[in-house]
$ cat run27.csv   # CSV, C-alpha atoms
chain,number,residue,atom,x,y,z
A,26,ASP,CA,-85.2,161.4,150.3
A,27,ALA,CA,-82.2,163.2,151.7
A,28,GLY,CA,-80.8,165.9,149.5
A,29,VAL,CA,-77.3,167.1,149.4
A,30,ILE,CA,-76.0,167.6,152.9
A,31,GLN,CA,-73.4,170.2,153.8
A,32,SER,CA,-71.7,170.9,157.1
A,33,PRO,CA,-71.3,173.1,158.9
A,34,ARG,CA,-74.0,175.5,157.8
A,35,HIS,CA,-72.2,178.5,159.3
A,36,GLU,CA,-68.5,178.9,160.0
A,37,VAL,CA,-66.8,181.9,161.6
A,38,THR,CA,-63.0,181.8,161.8
A,39,GLU,CA,-60.1,184.0,162.1
A,40,MET,CA,-57.7,184.8,159.3
A,41,GLY,CA,-54.9,182.2,159.0
A,42,GLN,CA,-57.0,179.3,160.3
A,43,GLU,CA,-57.7,176.2,158.4
A,44,VAL,CA,-61.3,175.7,157.3
A,45,THR,CA,-62.9,172.4,156.1
A,46,LEU,CA,-66.2,172.3,154.4
A,47,ARG,CA,-68.0,169.0,154.0
A,48,CYS,CA,-70.5,167.6,151.5
A,49,LYS,CA,-72.5,164.4,151.3
A,50,PRO,CA,-74.0,163.9,147.9
A,51,ILE,CA,-77.3,162.4,147.0
A,52,SER,CA,-77.0,158.6,146.9
A,53,GLY,CA,-76.4,157.4,143.4
A,54,HIS,CA,-75.1,160.7,142.1
A,55,ASN,CA,-71.7,160.4,140.5
A,56,SER,CA,-70.9,164.1,139.8
A,57,LEU,CA,-70.1,166.6,142.5
A,58,PHE,CA,-69.5,170.4,142.1
A,59,TRP,CA,-68.2,173.0,144.6
A,60,TYR,CA,-69.3,176.6,144.0
A,61,ARG,CA,-68.7,179.9,145.8
A,62,GLN,CA,-71.2,182.7,145.8
A,63,THR,CA,-70.5,186.3,146.7
A,64,MET,CA,-72.3,189.5,146.0
A,65,MET,CA,-69.4,190.8,143.9
A,66,ARG,CA,-68.6,187.8,141.8
A,67,GLY,CA,-71.9,185.9,141.8
A,68,LEU,CA,-71.8,182.1,141.6
A,69,GLU,CA,-68.5,180.6,140.6
A,70,LEU,CA,-67.6,177.0,140.0
A,71,LEU,CA,-64.5,176.0,141.9
A,72,ILE,CA,-64.0,172.4,141.0
A,73,TYR,CA,-66.0,169.3,139.9
A,74,PHE,CA,-65.6,165.6,140.3
A,75,ASN,CA,-66.9,162.7,138.3
A,76,ASN,CA,-66.8,159.2,139.8
A,77,ASN,CA,-64.6,160.7,142.6
A,78,VAL,CA,-62.0,162.0,140.2
A,79,PRO,CA,-61.3,165.7,139.8
A,80,ILE,CA,-62.2,166.7,136.3
A,81,ASP,CA,-61.9,170.5,136.2
A,82,ASP,CA,-60.3,172.5,139.0
A,83,SER,CA,-59.7,175.6,136.9
A,84,GLY,CA,-61.9,177.7,139.1
A,85,MET,CA,-60.0,177.0,142.3
A,86,PRO,CA,-58.7,180.5,143.2
A,87,GLU,CA,-55.2,179.5,144.4
A,88,ASP,CA,-53.1,177.0,146.2
A,89,ARG,CA,-54.8,177.8,149.5
A,90,PHE,CA,-57.8,175.9,148.3
A,91,SER,CA,-57.9,172.1,147.9
A,92,ALA,CA,-60.7,169.6,147.4
A,93,LYS,CA,-60.9,165.9,147.8
A,94,MET,CA,-63.5,163.2,147.2
A,95,PRO,CA,-62.2,160.0,148.9
A,96,ASN,CA,-65.3,158.1,148.1
A,97,ALA,CA,-68.7,158.4,146.4
A,98,SER,CA,-70.3,159.6,149.7
A,99,PHE,CA,-68.1,162.4,150.8
A,100,SER,CA,-66.2,165.4,149.7
A,101,THR,CA,-64.3,168.2,151.4
A,102,LEU,CA,-63.2,171.6,150.4
A,103,LYS,CA,-60.3,173.0,152.5
A,104,ILE,CA,-58.9,176.5,152.8
A,105,GLN,CA,-55.6,176.8,154.4
A,106,PRO,CA,-54.8,179.5,155.5
A,107,SER,CA,-58.1,181.3,155.3
A,108,GLU,CA,-58.3,185.0,154.4
A,109,PRO,CA,-61.1,187.6,154.8
A,110,ARG,CA,-61.7,187.6,151.1
A,111,ASP,CA,-62.6,184.0,151.3
A,112,SER,CA,-65.8,185.0,153.1
A,113,ALA,CA,-68.7,183.7,151.0
A,114,VAL,CA,-71.4,181.0,150.8
A,115,TYR,CA,-70.0,177.8,149.5
A,116,PHE,CA,-72.4,175.4,147.8
A,117,CYS,CA,-72.0,171.7,146.9
A,118,ALA,CA,-74.1,170.3,144.1
A,119,THR,CA,-74.4,166.8,142.8
A,120,GLY,CA,-75.8,165.1,139.7
A,121,THR,CA,-75.8,162.2,137.4
A,122,SER,CA,-73.5,161.9,134.4
A,123,GLY,CA,-75.3,162.8,131.2
A,124,LYS,CA,-78.2,164.6,132.7
A,125,ASN,CA,-76.5,168.0,133.3
A,126,GLU,CA,-79.0,168.7,136.1
A,127,GLN,CA,-77.5,169.7,139.4
A,128,PHE,CA,-79.0,169.5,142.9
A,129,PHE,CA,-77.7,172.0,145.3
A,130,GLY,CA,-77.1,171.7,149.0
A,131,PRO,CA,-78.1,174.4,151.5
A,132,GLY,CA,-74.6,175.9,151.5
A,133,THR,CA,-72.0,176.8,154.1
A,134,ARG,CA,-71.8,180.5,155.0
A,135,LEU,CA,-68.1,181.2,155.8
A,136,THR,CA,-67.0,184.3,157.5
A,137,VAL,CA,-63.3,184.9,157.9
A,138,LEU,CA,-62.5,187.7,160.4
B,21,ALA,CA,-67.6,178.2,125.0
B,22,GLN,CA,-70.9,179.0,126.7
B,23,SER,CA,-72.1,182.1,128.4
B,24,VAL,CA,-75.4,183.5,129.8
B,25,THR,CA,-76.6,187.1,130.1
B,26,GLN,CA,-79.5,187.9,132.3
B,27,LEU,CA,-80.9,191.4,131.5
B,28,GLY,CA,-81.9,193.2,134.6
B,29,SER,CA,-80.3,192.4,138.0
B,30,HIS,CA,-83.6,193.5,139.7
B,31,VAL,CA,-87.1,193.2,138.5
B,32,SER,CA,-90.1,194.4,140.5
B,33,VAL,CA,-93.7,193.4,139.7
B,34,SER,CA,-97.1,193.7,141.4
B,35,GLU,CA,-98.8,190.7,142.8
B,36,GLY,CA,-101.0,189.2,140.0
B,37,ALA,CA,-98.9,190.8,137.2
B,38,LEU,CA,-96.9,189.0,134.5
B,39,VAL,CA,-93.4,187.9,135.4
B,40,LEU,CA,-90.8,188.1,132.7
B,41,LEU,CA,-87.2,187.4,133.4
B,42,ARG,CA,-84.8,187.6,130.5
B,43,CYS,CA,-82.0,185.2,129.6
B,44,ASN,CA,-79.8,185.2,126.5
B,45,TYR,CA,-77.2,182.6,125.9
B,46,SER,CA,-74.2,182.0,123.8
B,47,SER,CA,-73.1,178.5,122.9
B,48,SER,CA,-71.0,177.0,120.1
B,49,VAL,CA,-72.9,173.8,120.3
B,50,PRO,CA,-76.6,173.0,121.0
B,51,PRO,CA,-77.2,173.9,124.6
B,52,TYR,CA,-79.1,172.6,127.5
B,53,LEU,CA,-80.7,175.5,129.4
B,54,PHE,CA,-81.8,175.8,132.9
B,55,TRP,CA,-83.6,178.1,135.3
B,56,TYR,CA,-82.9,177.9,139.0
B,57,VAL,CA,-84.5,179.8,141.9
B,58,GLN,CA,-82.8,180.7,145.1
B,59,TYR,CA,-84.8,181.7,148.1
B,60,PRO,CA,-83.1,183.7,150.9
B,61,ASN,CA,-80.5,181.6,152.8
B,62,GLN,CA,-81.1,178.5,150.7
B,63,GLY,CA,-79.4,176.7,147.9
B,64,LEU,CA,-80.5,176.8,144.3
B,65,GLN,CA,-83.5,174.8,143.2
B,66,LEU,CA,-84.2,173.7,139.7
B,67,LEU,CA,-87.3,175.4,138.2
B,68,LEU,CA,-87.2,173.9,134.7
B,69,LYS,CA,-84.8,172.7,132.0
B,70,TYR,CA,-84.6,172.6,128.2
B,71,THR,CA,-83.0,169.5,126.8
B,72,SER,CA,-83.9,169.7,123.1
B,73,ALA,CA,-87.3,168.2,123.2
B,74,ALA,CA,-90.2,170.7,123.3
B,75,THR,CA,-89.2,174.3,123.0
B,76,LEU,CA,-91.8,175.5,125.5
B,77,VAL,CA,-90.8,174.1,128.9
B,78,LYS,CA,-93.1,174.0,131.9
B,79,GLY,CA,-91.6,174.0,135.3
B,80,ILE,CA,-92.7,174.1,138.9
B,81,ASN,CA,-94.8,176.8,140.6
B,82,GLY,CA,-96.4,177.8,137.3
B,83,PHE,CA,-93.3,179.0,135.6
B,84,GLU,CA,-92.4,178.3,132.0
B,85,ALA,CA,-89.7,179.2,129.5
B,86,GLU,CA,-89.5,179.1,125.7
B,87,PHE,CA,-86.3,178.2,123.9
B,88,LYS,CA,-85.9,180.5,120.8
B,89,LYS,CA,-82.9,179.5,118.8
B,90,SER,CA,-83.1,182.4,116.4
B,91,GLU,CA,-83.0,184.9,119.3
B,92,THR,CA,-80.6,182.8,121.4
B,93,SER,CA,-83.1,183.4,124.3
B,94,PHE,CA,-84.6,181.4,127.1
B,95,HIS,CA,-86.9,183.8,128.9
B,96,LEU,CA,-88.7,182.8,132.0
B,97,THR,CA,-92.4,183.8,132.5
B,98,LYS,CA,-95.3,183.3,134.9
B,99,PRO,CA,-98.7,184.7,134.1
B,100,SER,CA,-99.5,185.9,137.6
B,101,ALA,CA,-97.0,186.7,140.2
B,102,HIS,CA,-97.4,185.6,143.8
B,103,MET,CA,-95.7,187.0,146.9
B,104,SER,CA,-94.0,183.7,147.4
B,105,ASP,CA,-92.2,184.1,144.0
B,106,ALA,CA,-89.9,186.7,145.5
B,107,ALA,CA,-86.5,185.2,145.1
B,108,GLU,CA,-83.4,185.3,143.0
B,109,TYR,CA,-83.5,183.5,139.6
B,110,PHE,CA,-80.5,182.2,137.7
B,111,CYS,CA,-80.3,181.1,134.1
B,112,ALA,CA,-77.6,178.5,133.2
B,113,VAL,CA,-76.3,176.8,130.1
B,114,SER,CA,-74.3,173.7,129.4
B,115,PRO,CA,-73.3,172.0,126.1
B,116,GLN,CA,-75.3,169.0,124.9
B,117,GLY,CA,-73.1,166.0,124.9
B,118,GLY,CA,-70.2,167.8,126.5
B,119,SER,CA,-69.0,168.9,129.9
B,120,GLU,CA,-71.4,168.7,132.8
B,121,LYS,CA,-70.4,172.2,133.9
B,122,LEU,CA,-73.1,174.7,134.2
B,123,VAL,CA,-72.4,178.3,133.3
B,124,PHE,CA,-74.6,180.6,135.4
B,125,GLY,CA,-75.8,184.1,134.7
B,126,LYS,CA,-75.4,186.7,137.4
B,127,GLY,CA,-79.0,186.3,138.6
B,128,THR,CA,-82.1,188.5,138.7
B,129,LYS,CA,-83.7,189.4,142.0
B,130,LEU,CA,-87.5,189.4,141.7
B,131,THR,CA,-89.5,191.6,144.1
B,132,VAL,CA,-93.3,191.1,144.3
B,133,ASN,CA,-95.2,194.1,145.6
B,134,PRO,CA,-98.6,193.7,147.3

$ encode --input "run27.csv" --output "structure tokens"
Amino acid sequence: DAGVIQSPRHEVTEMGQEVTLRCKPISGHNSLFWYRQTMMRGLELLIYFNNNVPIDDSGMPEDRFSAKMPNASFSTLKIQPSEPRDSAVYFCATGTSGKNEQFFGPGTRLTVL
Amino acid sequence: AQSVTQLGSHVSVSEGALVLLRCNYSSSVPPYLFWYVQYPNQGLQLLLKYTSAATLVKGINGFEAEFKKSETSFHLTKPSAHMSDAAEYFCAVSPQGGSEKLVFGKGTKLTVNP
């Protein structure tokens, strides 16, 4: 079975550019989570969706970050404009309501120069 | 509100020795508790979870953890460390019957020496 799929796996961009990270959840999962991991701050939850609806976006750092889930098979996390301090590994995780267990994708390593 | 404290950001053991990674939690309601492992350049993988059934939970790769309500702890153990256990381990908590959000600890990096 395919796990959570994230693309790209690596992204290097320059400050000010728009960055879009993509996630395809495990089929049948109805919860989706976006995390950011850095050495300084550890693993932070940015936003999570349930049945394609954003439930909690309190972790989104600022207006430069936005996330969408247009359907059950796809989600995006966009940063516009990007800044060097956004450099991190971004993980998508998915799960099934009521089970609280999350399955993580391999992550996207973002470097903003 | 829920929180997790992992004691020791780095733990080093010899191959064949006992592994003990500590996790204490705080929760205003009965919790679900999880241990995840992260190998270099990979995502997190679930090792085991406590969901209010047995207090001693067995997971993959020979790991187990015991839920102790009186101590608010959920320590992870493995009787004999293997080189392949070298990784970072994260404890996480979420409320039973509540939000699906997981609150993660800051992680413990395990080094296994030959």

$ residues_around --input "run27.csv" --residues "Pro50 (chain A)" --least-positions-apart "4" --cutoff "6 Å" --atoms "all atoms listed in the file" --output "ChimeraX atom specification"
/A:29,98,119

$ closest_atom_pairs --input "run27.csv" --of "chain B" --to "chain A" --cutoff "9 Å" --atoms "only C-alpha atoms" --output "JSON lines"
{"residue": "B:Tyr52", "atom": "CA", "partner": "A:Asn125", "partner_atom": "CA", "distance": 7.8}
{"residue": "B:Phe54", "atom": "CA", "partner": "A:Glu126", "partner_atom": "CA", "distance": 8.3}
{"residue": "B:Asn61", "atom": "CA", "partner": "A:Pro131", "partner_atom": "CA", "distance": 7.7}
{"residue": "B:Gln62", "atom": "CA", "partner": "A:Pro131", "partner_atom": "CA", "distance": 5.1}
{"residue": "B:Gly63", "atom": "CA", "partner": "A:Pro131", "partner_atom": "CA", "distance": 4.5}
{"residue": "B:Leu64", "atom": "CA", "partner": "A:Phe129", "partner_atom": "CA", "distance": 5.6}
{"residue": "B:Gln65", "atom": "CA", "partner": "A:Phe129", "partner_atom": "CA", "distance": 6.8}
{"residue": "B:Leu66", "atom": "CA", "partner": "A:Phe128", "partner_atom": "CA", "distance": 7.4}
{"residue": "B:Lys69", "atom": "CA", "partner": "A:Glu126", "partner_atom": "CA", "distance": 8.2}
{"residue": "B:Ser114", "atom": "CA", "partner": "A:Asn125", "partner_atom": "CA", "distance": 7.2}
{"residue": "B:Pro115", "atom": "CA", "partner": "A:Asn125", "partner_atom": "CA", "distance": 8.8}
{"residue": "B:Gln116", "atom": "CA", "partner": "A:Asn125", "partner_atom": "CA", "distance": 8.5}
{"residue": "B:Gly117", "atom": "CA", "partner": "A:Gly123", "partner_atom": "CA", "distance": 7.4}
{"residue": "B:Gly118", "atom": "CA", "partner": "A:Gly123", "partner_atom": "CA", "distance": 8.5}
{"residue": "B:Ser119", "atom": "CA", "partner": "A:Asn125", "partner_atom": "CA", "distance": 8.3}
{"residue": "B:Glu120", "atom": "CA", "partner": "A:Asn125", "partner_atom": "CA", "distance": 5.2}
{"residue": "B:Lys121", "atom": "CA", "partner": "A:Asn125", "partner_atom": "CA", "distance": 7.4}
{"residue": "B:Leu122", "atom": "CA", "partner": "A:Asn125", "partner_atom": "CA", "distance": 7.6}
{"residue": "B:Val123", "atom": "CA", "partner": "A:Leu70", "partner_atom": "CA", "distance": 8.3}
{"residue": "B:Phe124", "atom": "CA", "partner": "A:Leu68", "partner_atom": "CA", "distance": 7.0}
{"residue": "B:Gly125", "atom": "CA", "partner": "A:Leu68", "partner_atom": "CA", "distance": 8.2}
{"residue": "B:Lys126", "atom": "CA", "partner": "A:Gly67", "partner_atom": "CA", "distance": 5.7}
{"residue": "B:Gly127", "atom": "CA", "partner": "A:Gly67", "partner_atom": "CA", "distance": 7.8}

$ atom_distance --input "run27.csv" --atom1 "CA of Asn77 (chain A)" --atom2 "CA of Asn55 (chain A)"
7.4 Å

$ residues_around --input "run27.csv" --residues "Val77 (chain B)" --least-positions-apart "2" --cutoff "12 Å" --atoms "only C-alpha atoms" --output "list of chain:residue names"
B:Tyr52, B:Leu53, B:Phe54, B:Trp55, B:Leu67, B:Leu68, B:Lys69, B:Tyr70, B:Thr71, B:Ser72, B:Ala73, B:Ala74, B:Thr75, B:Gly79, B:Ile80, B:Gly82, B:Phe83, B:Glu84, B:Ala85, B:Glu86, B:Phe87, B:Lys88, B:Phe94, B:His95, B:Leu96, B:Thr97, B:Lys98

$ atom_distance --input "run27.csv" --atom1 "CA of Asp82 (chain A)" --atom2 "CA of Trp59 (chain A)"
9.7 Å

$ atom_distance --input "run27.csv" --atom1 "CA of Met103 (chain B)" --atom2 "CA of Val132 (chain B)"
5.4 Å

$ residues_around --input "run27.csv" --residues "Val33 (chain B)" --least-positions-apart "2" --cutoff "8 Å" --atoms "all atoms listed in the file" --output "number ranges by chain"
B: 31, 35, 37-39, 101, 130-133

$ closest_residue --input "run27.csv" --among "A:Arg34, A:Arg61, A:Arg47, A:His54" --to "Ser112 (chain A)" --atoms "only C-alpha atoms"
A:Arg61

$ decode --input "run27.csv" --residues "region 74-95 of chain B" --atoms "N, CA, C and O atoms" --output "compact mmCIF listing (two decimals), in the first residue's frame"
# COMPACT_ATOMS: atom_id res chain seq x y z
N ALA B 74 -4.63 -2.38 27.73
CA ALA B 74 -3.56 -2.84 28.60
C ALA B 74 -2.58 -1.72 28.88
O ALA B 74 -2.26 -0.92 28.01
N THR B 75 -2.09 -1.68 30.10
CA THR B 75 -1.15 -0.62 30.46
C THR B 75 0.26 -0.90 29.94
O THR B 75 1.04 0.02 29.78
N LEU B 76 0.58 -2.16 29.69
CA LEU B 76 1.86 -2.51 29.09
C LEU B 76 1.62 -2.73 27.60
O LEU B 76 0.87 -3.62 27.22
N VAL B 77 2.24 -1.91 26.81
CA VAL B 77 2.00 -1.92 25.37
C VAL B 77 3.24 -2.41 24.65
O VAL B 77 4.35 -1.91 24.90
N LYS B 78 3.05 -3.37 23.78
CA LYS B 78 4.18 -3.87 22.99
C LYS B 78 4.10 -3.30 21.58
O LYS B 78 3.01 -3.19 21.00
N GLY B 79 5.28 -2.93 21.07
CA GLY B 79 5.32 -2.34 19.75
C GLY B 79 6.23 -3.11 18.81
O GLY B 79 6.57 -4.26 19.06
N ILE B 80 6.61 -2.43 17.76
CA ILE B 80 7.47 -3.07 16.77
C ILE B 80 8.93 -3.06 17.23
O ILE B 80 9.30 -2.29 18.13
N ASN B 81 9.73 -3.90 16.62
CA ASN B 81 11.18 -3.96 16.86
C ASN B 81 11.55 -4.24 18.31
O ASN B 81 12.64 -3.85 18.76
N GLY B 82 10.69 -4.91 19.06
CA GLY B 82 11.01 -5.31 20.42
C GLY B 82 10.83 -4.24 21.48
O GLY B 82 11.18 -4.44 22.64
N PHE B 83 10.28 -3.11 21.11
CA PHE B 83 10.04 -2.03 22.07
C PHE B 83 8.74 -2.24 22.83
O PHE B 83 7.79 -2.82 22.30
N GLU B 84 8.69 -1.76 24.04
CA GLU B 84 7.46 -1.73 24.81
C GLU B 84 7.45 -0.51 25.71
O GLU B 84 8.49 0.11 25.95
N ALA B 85 6.26 -0.16 26.17
CA ALA B 85 6.11 0.99 27.06
C ALA B 85 5.01 0.68 28.06
O ALA B 85 4.05 -0.02 27.75
N GLU B 86 5.15 1.22 29.25
CA GLU B 86 4.16 1.00 30.29
C GLU B 86 3.53 2.32 30.70
O GLU B 86 4.22 3.28 31.06
N PHE B 87 2.21 2.35 30.67
CA PHE B 87 1.46 3.52 31.12
C PHE B 87 1.30 3.46 32.63
O PHE B 87 0.76 2.49 33.17
N LYS B 88 1.82 4.47 33.32
CA LYS B 88 1.69 4.55 34.77
C LYS B 88 0.98 5.86 35.11
O LYS B 88 1.61 6.94 35.12
N LYS B 89 -0.29 5.73 35.42
CA LYS B 89 -1.10 6.92 35.69
C LYS B 89 -0.58 7.66 36.91
O LYS B 89 -0.52 8.90 36.92
N SER B 90 -0.21 6.92 37.95
CA SER B 90 0.21 7.55 39.21
C SER B 90 1.47 8.38 39.01
O SER B 90 1.70 9.36 39.73
N GLU B 91 2.28 7.99 38.05
CA GLU B 91 3.53 8.71 37.79
C GLU B 91 3.43 9.60 36.55
O GLU B 91 4.41 10.25 36.18
N THR B 92 2.29 9.60 35.91
CA THR B 92 2.07 10.30 34.62
C THR B 92 3.24 10.04 33.69
O THR B 92 3.82 10.97 33.09
N SER B 93 3.59 8.76 33.55
CA SER B 93 4.74 8.41 32.71
C SER B 93 4.36 7.38 31.66
O SER B 93 3.37 6.63 31.80
N PHE B 94 5.16 7.34 30.63
CA PHE B 94 4.98 6.38 29.54
C PHE B 94 6.36 6.13 28.95
O PHE B 94 6.66 6.46 27.82
N HIS B 95 7.22 5.52 29.75
CA HIS B 95 8.61 5.30 29.34
C HIS B 95 8.73 4.17 28.33
O HIS B 95 8.04 3.15 28.43
